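**Q** Next comes entry-v9.cif, mmCIF, N, CA and C atoms and all ligand atoms:
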data_query
loop_
_atom_site.label_atom_id
_atom_site.label_comp_id
_atom_site.auth_asym_id
_atom_site.auth_seq_id
_atom_site.Cartn_x
_atom_site.Cartn_y
_atom_site.Cartn_z
N MET A 1 80.35 87.57 89.18
CA MET A 1 80.87 87.71 90.54
C MET A 1 81.59 86.45 90.99
N SER A 2 81.05 85.28 90.59
CA SER A 2 81.68 84.05 91.06
C SER A 2 83.05 83.86 90.42
N ASP A 3 83.22 84.40 89.19
CA ASP A 3 84.53 84.35 88.55
C ASP A 3 85.54 85.13 89.37
N LEU A 4 85.07 86.29 89.85
CA LEU A 4 85.95 87.15 90.63
C LEU A 4 86.33 86.48 91.95
N SER A 5 85.37 85.87 92.63
CA SER A 5 85.72 85.25 93.91
C SER A 5 86.60 84.02 93.69
N GLU A 6 86.46 83.39 92.53
CA GLU A 6 87.34 82.26 92.22
C GLU A 6 88.78 82.76 92.01
N LEU A 7 88.89 83.88 91.32
CA LEU A 7 90.21 84.49 91.11
C LEU A 7 90.84 84.87 92.45
N TYR A 8 90.02 85.47 93.33
CA TYR A 8 90.50 85.87 94.64
C TYR A 8 90.96 84.66 95.44
N GLN A 9 90.18 83.59 95.33
CA GLN A 9 90.52 82.34 96.02
C GLN A 9 91.88 81.83 95.55
N GLN A 10 92.08 81.91 94.23
CA GLN A 10 93.34 81.44 93.65
C GLN A 10 94.53 82.25 94.16
N ILE A 11 94.34 83.56 94.28
CA ILE A 11 95.41 84.43 94.77
C ILE A 11 95.81 84.02 96.18
N ILE A 12 94.81 83.77 97.03
CA ILE A 12 95.08 83.41 98.42
C ILE A 12 95.77 82.04 98.50
N VAL A 13 95.27 81.07 97.75
CA VAL A 13 95.88 79.74 97.76
C VAL A 13 97.32 79.80 97.27
N GLU A 14 97.53 80.55 96.19
CA GLU A 14 98.87 80.62 95.59
C GLU A 14 99.86 81.28 96.56
N HIS A 15 99.43 82.36 97.21
CA HIS A 15 100.33 83.05 98.14
C HIS A 15 100.57 82.26 99.42
N SER A 16 99.59 81.44 99.82
CA SER A 16 99.81 80.64 101.03
C SER A 16 100.76 79.48 100.74
N ARG A 17 100.74 79.01 99.48
CA ARG A 17 101.63 77.89 99.11
C ARG A 17 103.06 78.36 98.90
N SER A 18 103.21 79.52 98.27
CA SER A 18 104.56 80.05 98.08
C SER A 18 104.57 81.52 98.47
N PRO A 19 104.65 81.76 99.78
CA PRO A 19 104.60 83.15 100.27
C PRO A 19 105.79 83.98 99.80
N ARG A 20 105.51 85.23 99.44
CA ARG A 20 106.55 86.17 99.05
C ARG A 20 107.13 86.82 100.31
N ASN A 21 108.40 87.24 100.19
CA ASN A 21 109.05 87.98 101.29
C ASN A 21 109.10 87.17 102.59
N PHE A 22 109.18 85.84 102.44
CA PHE A 22 109.25 84.96 103.61
C PHE A 22 110.73 84.77 103.95
N ARG A 23 111.27 85.67 104.79
CA ARG A 23 112.70 85.63 105.11
C ARG A 23 112.96 86.58 106.27
N VAL A 24 114.16 86.45 106.85
CA VAL A 24 114.61 87.38 107.88
C VAL A 24 115.61 88.32 107.21
N PRO A 25 115.22 89.58 106.98
CA PRO A 25 116.14 90.48 106.28
C PRO A 25 117.27 90.94 107.21
N GLU A 26 118.43 91.18 106.62
CA GLU A 26 119.55 91.70 107.39
C GLU A 26 119.37 93.20 107.56
N GLY A 27 119.66 93.67 108.77
CA GLY A 27 119.62 95.11 109.01
C GLY A 27 118.23 95.73 109.01
N ALA A 28 117.22 94.95 109.41
CA ALA A 28 115.87 95.50 109.50
C ALA A 28 115.82 96.57 110.58
N SER A 29 115.01 97.61 110.37
CA SER A 29 114.89 98.70 111.33
C SER A 29 114.12 98.27 112.57
N ALA A 30 113.14 97.42 112.39
CA ALA A 30 112.32 96.98 113.52
C ALA A 30 111.59 95.70 113.15
N SER A 31 111.16 94.99 114.19
CA SER A 31 110.34 93.81 113.96
C SER A 31 109.33 93.70 115.09
N ALA A 32 108.32 92.91 114.87
CA ALA A 32 107.33 92.66 115.93
C ALA A 32 106.75 91.27 115.72
N GLU A 33 106.31 90.68 116.82
CA GLU A 33 105.71 89.36 116.75
C GLU A 33 104.22 89.47 117.00
N GLY A 34 103.48 88.67 116.26
CA GLY A 34 102.04 88.65 116.46
C GLY A 34 101.55 87.23 116.52
N ASP A 35 100.54 86.99 117.33
CA ASP A 35 99.94 85.66 117.28
C ASP A 35 98.43 85.74 117.46
N ASN A 36 97.81 84.75 116.89
CA ASN A 36 96.36 84.64 116.90
C ASN A 36 96.02 83.28 117.49
N PRO A 37 95.94 83.23 118.85
CA PRO A 37 95.78 81.93 119.51
C PRO A 37 94.50 81.18 119.11
N LEU A 38 93.50 81.91 118.67
CA LEU A 38 92.25 81.26 118.27
C LEU A 38 92.46 80.27 117.14
N CYS A 39 93.44 80.60 116.27
CA CYS A 39 93.67 79.77 115.09
C CYS A 39 95.03 79.10 115.13
N GLY A 40 95.96 79.64 115.95
CA GLY A 40 97.30 79.10 116.02
C GLY A 40 98.27 79.75 115.05
N ASP A 41 97.90 80.94 114.55
CA ASP A 41 98.78 81.66 113.62
C ASP A 41 99.82 82.45 114.42
N ARG A 42 101.07 82.36 113.99
CA ARG A 42 102.15 83.16 114.60
C ARG A 42 103.00 83.73 113.50
N ILE A 43 103.28 85.03 113.56
CA ILE A 43 104.19 85.60 112.57
C ILE A 43 105.09 86.66 113.19
N THR A 44 106.23 86.87 112.55
CA THR A 44 107.12 87.97 112.88
C THR A 44 107.25 88.82 111.63
N VAL A 45 107.02 90.12 111.75
CA VAL A 45 107.12 91.03 110.62
C VAL A 45 108.36 91.91 110.81
N TYR A 46 109.13 92.07 109.74
CA TYR A 46 110.34 92.89 109.75
C TYR A 46 110.16 94.05 108.79
N VAL A 47 110.54 95.24 109.22
CA VAL A 47 110.50 96.39 108.32
C VAL A 47 111.86 97.08 108.28
N THR A 48 112.22 97.55 107.11
CA THR A 48 113.42 98.35 106.94
C THR A 48 112.96 99.70 106.44
N LEU A 49 113.39 100.75 107.13
CA LEU A 49 112.93 102.10 106.80
C LEU A 49 114.09 102.99 106.38
N ASP A 50 113.79 103.85 105.41
CA ASP A 50 114.70 104.93 105.05
C ASP A 50 113.91 106.21 105.31
N GLY A 51 114.12 106.82 106.46
CA GLY A 51 113.28 107.94 106.87
C GLY A 51 111.86 107.44 107.09
N GLU A 52 110.93 108.02 106.34
CA GLU A 52 109.52 107.64 106.48
C GLU A 52 109.12 106.55 105.49
N ARG A 53 110.06 106.16 104.63
CA ARG A 53 109.70 105.19 103.58
C ARG A 53 110.09 103.77 103.96
N ILE A 54 109.16 102.84 103.70
CA ILE A 54 109.41 101.43 103.95
C ILE A 54 110.14 100.87 102.73
N THR A 55 111.43 100.59 102.87
CA THR A 55 112.20 100.10 101.73
C THR A 55 112.15 98.58 101.63
N ASP A 56 111.83 97.92 102.76
CA ASP A 56 111.71 96.47 102.71
C ASP A 56 110.75 96.01 103.81
N ALA A 57 110.01 94.97 103.50
CA ALA A 57 109.12 94.35 104.48
C ALA A 57 109.16 92.85 104.23
N ALA A 58 109.28 92.09 105.31
CA ALA A 58 109.37 90.64 105.18
C ALA A 58 108.75 90.00 106.42
N PHE A 59 108.55 88.70 106.36
CA PHE A 59 107.95 88.03 107.51
C PHE A 59 108.40 86.58 107.59
N GLN A 60 108.20 86.01 108.77
CA GLN A 60 108.38 84.58 108.99
C GLN A 60 107.23 84.13 109.86
N GLY A 61 106.86 82.90 109.73
CA GLY A 61 105.80 82.43 110.61
C GLY A 61 105.12 81.20 110.06
N ARG A 62 104.07 80.82 110.78
CA ARG A 62 103.30 79.66 110.34
C ARG A 62 101.86 79.87 110.77
N GLY A 63 100.99 79.18 110.10
CA GLY A 63 99.58 79.31 110.44
C GLY A 63 98.72 78.94 109.25
N CYS A 64 97.48 79.36 109.30
CA CYS A 64 96.53 78.97 108.26
C CYS A 64 96.81 79.71 106.95
N ALA A 65 96.17 79.25 105.90
CA ALA A 65 96.38 79.83 104.56
C ALA A 65 96.06 81.31 104.53
N ILE A 66 95.00 81.72 105.22
CA ILE A 66 94.60 83.14 105.20
C ILE A 66 95.69 84.01 105.83
N SER A 67 96.21 83.57 106.99
CA SER A 67 97.20 84.40 107.69
C SER A 67 98.50 84.49 106.90
N GLN A 68 98.91 83.39 106.28
CA GLN A 68 100.17 83.39 105.52
C GLN A 68 100.02 84.17 104.22
N ALA A 69 98.90 83.99 103.53
CA ALA A 69 98.68 84.73 102.28
C ALA A 69 98.55 86.22 102.56
N SER A 70 97.92 86.56 103.68
CA SER A 70 97.76 87.97 104.04
C SER A 70 99.12 88.62 104.28
N ALA A 71 100.00 87.93 105.01
CA ALA A 71 101.34 88.46 105.28
C ALA A 71 102.14 88.58 103.99
N SER A 72 101.99 87.60 103.11
CA SER A 72 102.70 87.61 101.83
C SER A 72 102.28 88.82 100.98
N LEU A 73 100.97 89.00 100.85
CA LEU A 73 100.47 90.10 100.03
C LEU A 73 100.72 91.46 100.70
N MET A 74 100.63 91.50 102.02
CA MET A 74 100.85 92.76 102.73
C MET A 74 102.28 93.26 102.58
N THR A 75 103.26 92.35 102.77
CA THR A 75 104.65 92.78 102.69
C THR A 75 104.95 93.32 101.28
N GLY A 76 104.34 92.72 100.27
CA GLY A 76 104.53 93.24 98.91
C GLY A 76 103.85 94.59 98.72
N ALA A 77 102.68 94.75 99.35
CA ALA A 77 101.89 95.97 99.15
C ALA A 77 102.49 97.20 99.83
N VAL A 78 103.16 97.01 100.97
CA VAL A 78 103.64 98.19 101.70
C VAL A 78 105.07 98.59 101.30
N LYS A 79 105.76 97.70 100.62
CA LYS A 79 107.13 98.01 100.22
C LYS A 79 107.13 99.21 99.28
N GLY A 80 107.94 100.21 99.60
CA GLY A 80 108.01 101.41 98.76
C GLY A 80 107.05 102.50 99.20
N ARG A 81 106.15 102.19 100.12
CA ARG A 81 105.21 103.20 100.60
C ARG A 81 105.77 103.89 101.84
N THR A 82 105.20 105.05 102.16
CA THR A 82 105.57 105.71 103.42
C THR A 82 104.81 105.03 104.55
N VAL A 83 105.27 105.29 105.77
CA VAL A 83 104.61 104.73 106.95
C VAL A 83 103.15 105.17 106.98
N ALA A 84 102.88 106.44 106.68
CA ALA A 84 101.50 106.95 106.71
C ALA A 84 100.64 106.24 105.67
N GLU A 85 101.20 106.01 104.49
CA GLU A 85 100.45 105.31 103.43
C GLU A 85 100.14 103.87 103.84
N ALA A 86 101.11 103.22 104.49
CA ALA A 86 100.91 101.83 104.93
C ALA A 86 99.82 101.76 105.99
N GLU A 87 99.82 102.73 106.91
CA GLU A 87 98.79 102.74 107.96
C GLU A 87 97.41 102.99 107.34
N GLN A 88 97.37 103.84 106.32
CA GLN A 88 96.10 104.12 105.65
C GLN A 88 95.58 102.86 104.94
N LEU A 89 96.52 102.13 104.33
CA LEU A 89 96.15 100.89 103.65
C LEU A 89 95.60 99.88 104.66
N PHE A 90 96.21 99.85 105.83
CA PHE A 90 95.75 98.97 106.91
C PHE A 90 94.29 99.29 107.26
N HIS A 91 93.97 100.58 107.38
CA HIS A 91 92.60 100.97 107.71
C HIS A 91 91.62 100.52 106.63
N ARG A 92 92.02 100.70 105.36
CA ARG A 92 91.16 100.27 104.25
C ARG A 92 90.95 98.76 104.27
N PHE A 93 92.04 98.04 104.52
CA PHE A 93 91.99 96.58 104.55
C PHE A 93 91.10 96.12 105.72
N HIS A 94 91.32 96.72 106.88
CA HIS A 94 90.56 96.39 108.08
C HIS A 94 89.06 96.62 107.84
N ASP A 95 88.72 97.78 107.25
CA ASP A 95 87.32 98.09 106.97
C ASP A 95 86.71 97.07 106.00
N MET A 96 87.52 96.61 105.06
CA MET A 96 87.02 95.64 104.08
C MET A 96 86.74 94.27 104.73
N VAL A 97 87.69 93.76 105.52
CA VAL A 97 87.51 92.41 106.07
C VAL A 97 86.49 92.37 107.21
N THR A 98 86.25 93.53 107.84
CA THR A 98 85.23 93.56 108.89
C THR A 98 83.87 93.90 108.31
N GLY A 99 83.83 94.25 107.02
CA GLY A 99 82.57 94.57 106.37
C GLY A 99 82.12 96.00 106.58
N ALA A 100 83.00 96.84 107.16
CA ALA A 100 82.65 98.24 107.40
C ALA A 100 82.61 99.04 106.10
N ALA A 101 83.36 98.58 105.10
CA ALA A 101 83.37 99.26 103.81
C ALA A 101 83.53 98.24 102.70
N ASP A 102 83.05 98.58 101.51
CA ASP A 102 83.22 97.67 100.38
C ASP A 102 84.67 97.66 99.92
N ALA A 103 85.06 96.56 99.30
CA ALA A 103 86.42 96.46 98.78
C ALA A 103 86.60 97.47 97.64
N ASP A 104 87.69 98.21 97.69
CA ASP A 104 88.01 99.14 96.61
C ASP A 104 89.29 98.62 95.96
N ALA A 105 89.11 97.88 94.85
CA ALA A 105 90.26 97.23 94.23
C ALA A 105 91.25 98.25 93.68
N LYS A 106 90.77 99.47 93.39
CA LYS A 106 91.69 100.51 92.89
C LYS A 106 92.72 100.87 93.95
N VAL A 107 92.26 100.91 95.20
CA VAL A 107 93.16 101.26 96.29
C VAL A 107 93.89 100.02 96.80
N LEU A 108 93.17 98.92 96.91
CA LEU A 108 93.70 97.74 97.58
C LEU A 108 94.44 96.77 96.66
N GLY A 109 94.20 96.86 95.36
CA GLY A 109 94.86 95.94 94.44
C GLY A 109 94.54 94.50 94.79
N LYS A 110 95.58 93.66 94.82
CA LYS A 110 95.37 92.24 95.12
C LYS A 110 94.87 91.99 96.52
N LEU A 111 95.05 92.97 97.42
CA LEU A 111 94.55 92.81 98.79
C LEU A 111 93.04 92.64 98.80
N ALA A 112 92.37 93.08 97.74
CA ALA A 112 90.92 92.91 97.62
C ALA A 112 90.53 91.44 97.61
N ALA A 113 91.51 90.56 97.41
CA ALA A 113 91.24 89.12 97.43
C ALA A 113 90.66 88.67 98.77
N PHE A 114 90.89 89.47 99.83
CA PHE A 114 90.41 89.09 101.16
C PHE A 114 89.00 89.62 101.46
N ALA A 115 88.34 90.19 100.45
CA ALA A 115 87.00 90.77 100.67
C ALA A 115 86.02 89.73 101.21
N GLY A 116 86.16 88.46 100.78
CA GLY A 116 85.23 87.41 101.20
C GLY A 116 85.35 87.03 102.66
N VAL A 117 86.45 87.46 103.31
CA VAL A 117 86.69 87.09 104.71
C VAL A 117 85.58 87.62 105.63
N LYS A 118 84.96 88.73 105.23
CA LYS A 118 83.94 89.33 106.10
C LYS A 118 82.76 88.37 106.34
N GLN A 119 82.60 87.39 105.46
CA GLN A 119 81.54 86.39 105.66
C GLN A 119 81.92 85.34 106.70
N PHE A 120 83.17 85.36 107.13
CA PHE A 120 83.66 84.37 108.09
C PHE A 120 84.32 85.10 109.27
N PRO A 121 83.50 85.57 110.23
CA PRO A 121 84.04 86.40 111.32
C PRO A 121 85.23 85.78 112.05
N SER A 122 85.28 84.44 112.14
CA SER A 122 86.38 83.81 112.87
C SER A 122 87.70 83.93 112.10
N ARG A 123 87.63 84.25 110.79
CA ARG A 123 88.86 84.37 110.00
C ARG A 123 89.36 85.80 109.88
N VAL A 124 88.57 86.77 110.39
CA VAL A 124 88.98 88.16 110.28
C VAL A 124 90.32 88.39 110.98
N LYS A 125 90.50 87.75 112.15
CA LYS A 125 91.76 87.91 112.89
C LYS A 125 92.93 87.31 112.13
N CYS A 126 92.68 86.24 111.39
CA CYS A 126 93.73 85.62 110.58
C CYS A 126 94.20 86.61 109.51
N ALA A 127 93.24 87.29 108.87
CA ALA A 127 93.57 88.23 107.79
C ALA A 127 94.24 89.49 108.33
N ASN A 128 93.84 89.92 109.54
CA ASN A 128 94.37 91.16 110.11
C ASN A 128 95.69 90.99 110.86
N LEU A 129 96.03 89.75 111.19
CA LEU A 129 97.21 89.52 112.04
C LEU A 129 98.48 90.19 111.51
N ALA A 130 98.76 89.99 110.22
CA ALA A 130 99.98 90.57 109.63
C ALA A 130 99.97 92.09 109.76
N TRP A 131 98.80 92.68 109.56
CA TRP A 131 98.70 94.15 109.59
C TRP A 131 98.87 94.69 111.00
N HIS A 132 98.27 94.03 111.98
CA HIS A 132 98.46 94.45 113.37
C HIS A 132 99.93 94.34 113.76
N THR A 133 100.59 93.29 113.27
CA THR A 133 101.99 93.07 113.61
C THR A 133 102.87 94.11 112.92
N LEU A 134 102.54 94.43 111.67
CA LEU A 134 103.26 95.50 110.96
C LEU A 134 103.12 96.81 111.74
N HIS A 135 101.90 97.11 112.16
CA HIS A 135 101.63 98.33 112.91
C HIS A 135 102.52 98.40 114.16
N ALA A 136 102.61 97.27 114.88
CA ALA A 136 103.45 97.22 116.09
C ALA A 136 104.92 97.46 115.74
N ALA A 137 105.38 96.90 114.63
CA ALA A 137 106.77 97.09 114.21
C ALA A 137 107.04 98.55 113.85
N LEU A 138 106.07 99.18 113.19
CA LEU A 138 106.25 100.59 112.79
C LEU A 138 106.29 101.50 114.01
N ILE A 139 105.45 101.22 115.00
CA ILE A 139 105.47 102.01 116.24
C ILE A 139 106.82 101.85 116.93
N ARG A 140 107.29 100.61 116.96
CA ARG A 140 108.58 100.32 117.60
C ARG A 140 109.72 101.05 116.90
N SER A 141 109.67 101.09 115.57
CA SER A 141 110.74 101.78 114.83
C SER A 141 110.71 103.27 115.12
N ALA A 142 109.51 103.84 115.26
CA ALA A 142 109.39 105.27 115.55
C ALA A 142 109.93 105.55 116.95
N GLU A 143 109.65 104.64 117.89
CA GLU A 143 110.13 104.82 119.26
C GLU A 143 111.64 104.71 119.32
N SER A 144 112.21 103.74 118.58
CA SER A 144 113.65 103.57 118.67
C SER A 144 114.37 104.75 118.03
N VAL A 145 113.73 105.37 117.03
CA VAL A 145 114.33 106.56 116.41
C VAL A 145 114.30 107.73 117.40
N SER A 146 113.16 107.91 118.07
CA SER A 146 113.00 109.09 118.91
C SER A 146 113.82 109.02 120.21
N THR A 147 114.19 107.80 120.62
CA THR A 147 114.95 107.72 121.88
C THR A 147 116.45 107.74 121.63
N GLU A 148 116.86 107.72 120.37
CA GLU A 148 118.30 107.72 120.10
C GLU A 148 118.89 109.12 120.20
ZN ZN B 1 94.31 81.62 110.93
#
Please rewrite the model in this file as structure tokens.

**A**
Amino acid sequence: MSDLSELYQQIIVEHSRSPRNFRVPEGASASAEGDNPLCGDRITVYVTLDGERITDAAFQGRGCAISQASASLMTGAVKGRTVAEAEQLFHRFHDMVTGAADADAKVLGKLAAFAGVKQFPSRVKCANLAWHTLHAALIRSAESVSTE
């Protein structure tokens, strides 16, 4: 088990040092800003949609290693999925970091690296920030589509 948590630790450190999808994409369908004042994490998440499918996801921001690594891994995980699949993944991730459910690496893949966060309640918001912000961006994109 300790080998596994060491591997998970490495994934988080590596993604916080060189975050993936850290950019402002051109022609994004929607974006949203999120902040976690308790820790000082701030991020902006951008999504590009083709119908119901997320064709691109990216972010910009600053904050602690957990919040940056979470945004990095999340943007990679939701790319290519439908909005419904991304929301479902958010629920699985949320249940894992709050301790409501065990980590299911088959479903969560590398996102399972955040399973240890449940032992640190003050860091749960850091891990969830990117997902809450993605959720806000997806709602905004649905609203902008329906009002056009
Ligand atoms: Zn944080």

**Q** Taking (106.6, 86.5, 113.8) in the file's own coordinates, collect the residues within 6.5 Å, counting all atoms listed in the file, and hand them back as a ChimeraX atom specification.

**A** /A:32-34,42-45,59-61

**Q** Rounded to one decimal in Å, what is the spacing between CA of Gly99 in chain A and atom N of Gln119 in chain A?

**A**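 Atom N of Gln119 in chain A lies at a distance of 7.2 Å from CA of Gly99 in chain A.
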
**Q** Residues of chain A that have any atom at most 6 Å from an atom of ligand ZN 1 (chain B): could you tabulate them with the shortest-distance atom pair and the distance in Å to one decimal, using all atoms listed in the file, ordered by chain and increasing number, as CSV?

**A**
residue,atom,partner,partner_atom,distance
A:Cys39,CA,B:ZN1,ZN,4.6
A:Gly40,N,B:ZN1,ZN,5.6
A:Asp41,N,B:ZN1,ZN,5.1
A:Gly63,C,B:ZN1,ZN,5.4
A:Cys64,N,B:ZN1,ZN,4.2
A:Ala65,N,B:ZN1,ZN,5.9
A:Ile66,N,B:ZN1,ZN,5.8
A:Ser67,N,B:ZN1,ZN,4.8
A:Lys125,C,B:ZN1,ZN,6.0
A:Cys126,CA,B:ZN1,ZN,4.1

**Q** Looking at all atoms listed in the file, which of A:Ala28, A:Glu52, A:Arg23, A:Arg140 is the one that sits closest to Ala84 in chain A?

**A**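 For Ala84 in chain A, the nearest of the given residues is A:Glu52.
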
**Q** Quick one: of A:Met96, A:Leu129, A:Leu49, A:Ala142, who's nearest to Asp35 in chain A, counting all atoms listed in the file?

**A**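 The closest residue to Asp35 in chain A is A:Leu129.
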
**Q** Could you please write out, as JSON, numbers by chain, every residue of chain A that DSSP assigns to alpha helix (DSSP H)?

**A** {"A": [2, 3, 4, 5, 6, 7, 8, 9, 10, 11, 12, 13, 14, 15, 16, 17, 65, 66, 67, 68, 69, 70, 71, 72, 73, 74, 75, 76, 77, 78, 83, 84, 85, 86, 87, 88, 89, 90, 91, 92, 93, 94, 95, 96, 97, 98, 105, 106, 107, 108, 124, 125, 126, 127, 128, 129, 130, 131, 132, 133, 134, 135, 136, 137, 138, 139, 140, 141, 142, 143, 144, 145, 146]}

**Q** Measure the distance from CA of Thr98 in chain A to CA of Gln68 in chain A in Å and round it to one decimal.

**A**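 Taking CA of Thr98 in chain A and CA of Gln68 in chain A, their separation equals 18.4 Å.
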
**Q** Quick one: DSSP strand (DSSP E) residues in chain A, as number ranges by chain?

**A** A: 30-36, 41-50, 53-62

**Q** May I ask for the distance between atom C of Gly116 in chain A and CA of Val97 in chain A, given in Å to one decimal place?

**A**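 So the answer is 6.7 Å.
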
**Q** Could you please give me, as number ranges by chain, the residues of protein, DNA or RNA lying at most 6.5 Å from (108.1, 95.8, 108.4) in the coordinate frame of the file, considering only N, CA and C atoms?

**A** A: 30-31, 45-48, 56-58, 134, 137-138

**Q** Could you put an axis-aligned box around every listed atom of range 92-108 of chain A, padded by 5 Å on each side, and send me its centre and edge lengths in Å to one decimal, as lines of an AutoDock Vina configuration file?

**A**
center_x = 88.3
center_y = 96.8
center_z = 100.9
size_x = 22.3
size_y = 18.9
size_z = 26.0

**Q** Contacts of Ser72 in chain A at 6.5 Å or less, counting all atoms listed in the file, minus same-chain residues fewer than 6 places along, as a list in words?

**A**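 My reading of the contact set: His15, Pro19, Arg20 and Asn21 of chain A.
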
**Q** Find the residue from A:Ala103, A:Arg62, A:Leu111, A:Arg53 that sits nearest to Val83 in chain A; use all atoms listed in the file when measuring.

**A** A:Arg53

**Q** Which residue out of A:Val24, A:Ala100, A:Ala127, A:Ala77 has the minimum interatomic distance to Phe114 in chain A when all atoms listed in the file are used?

**A** A:Ala127
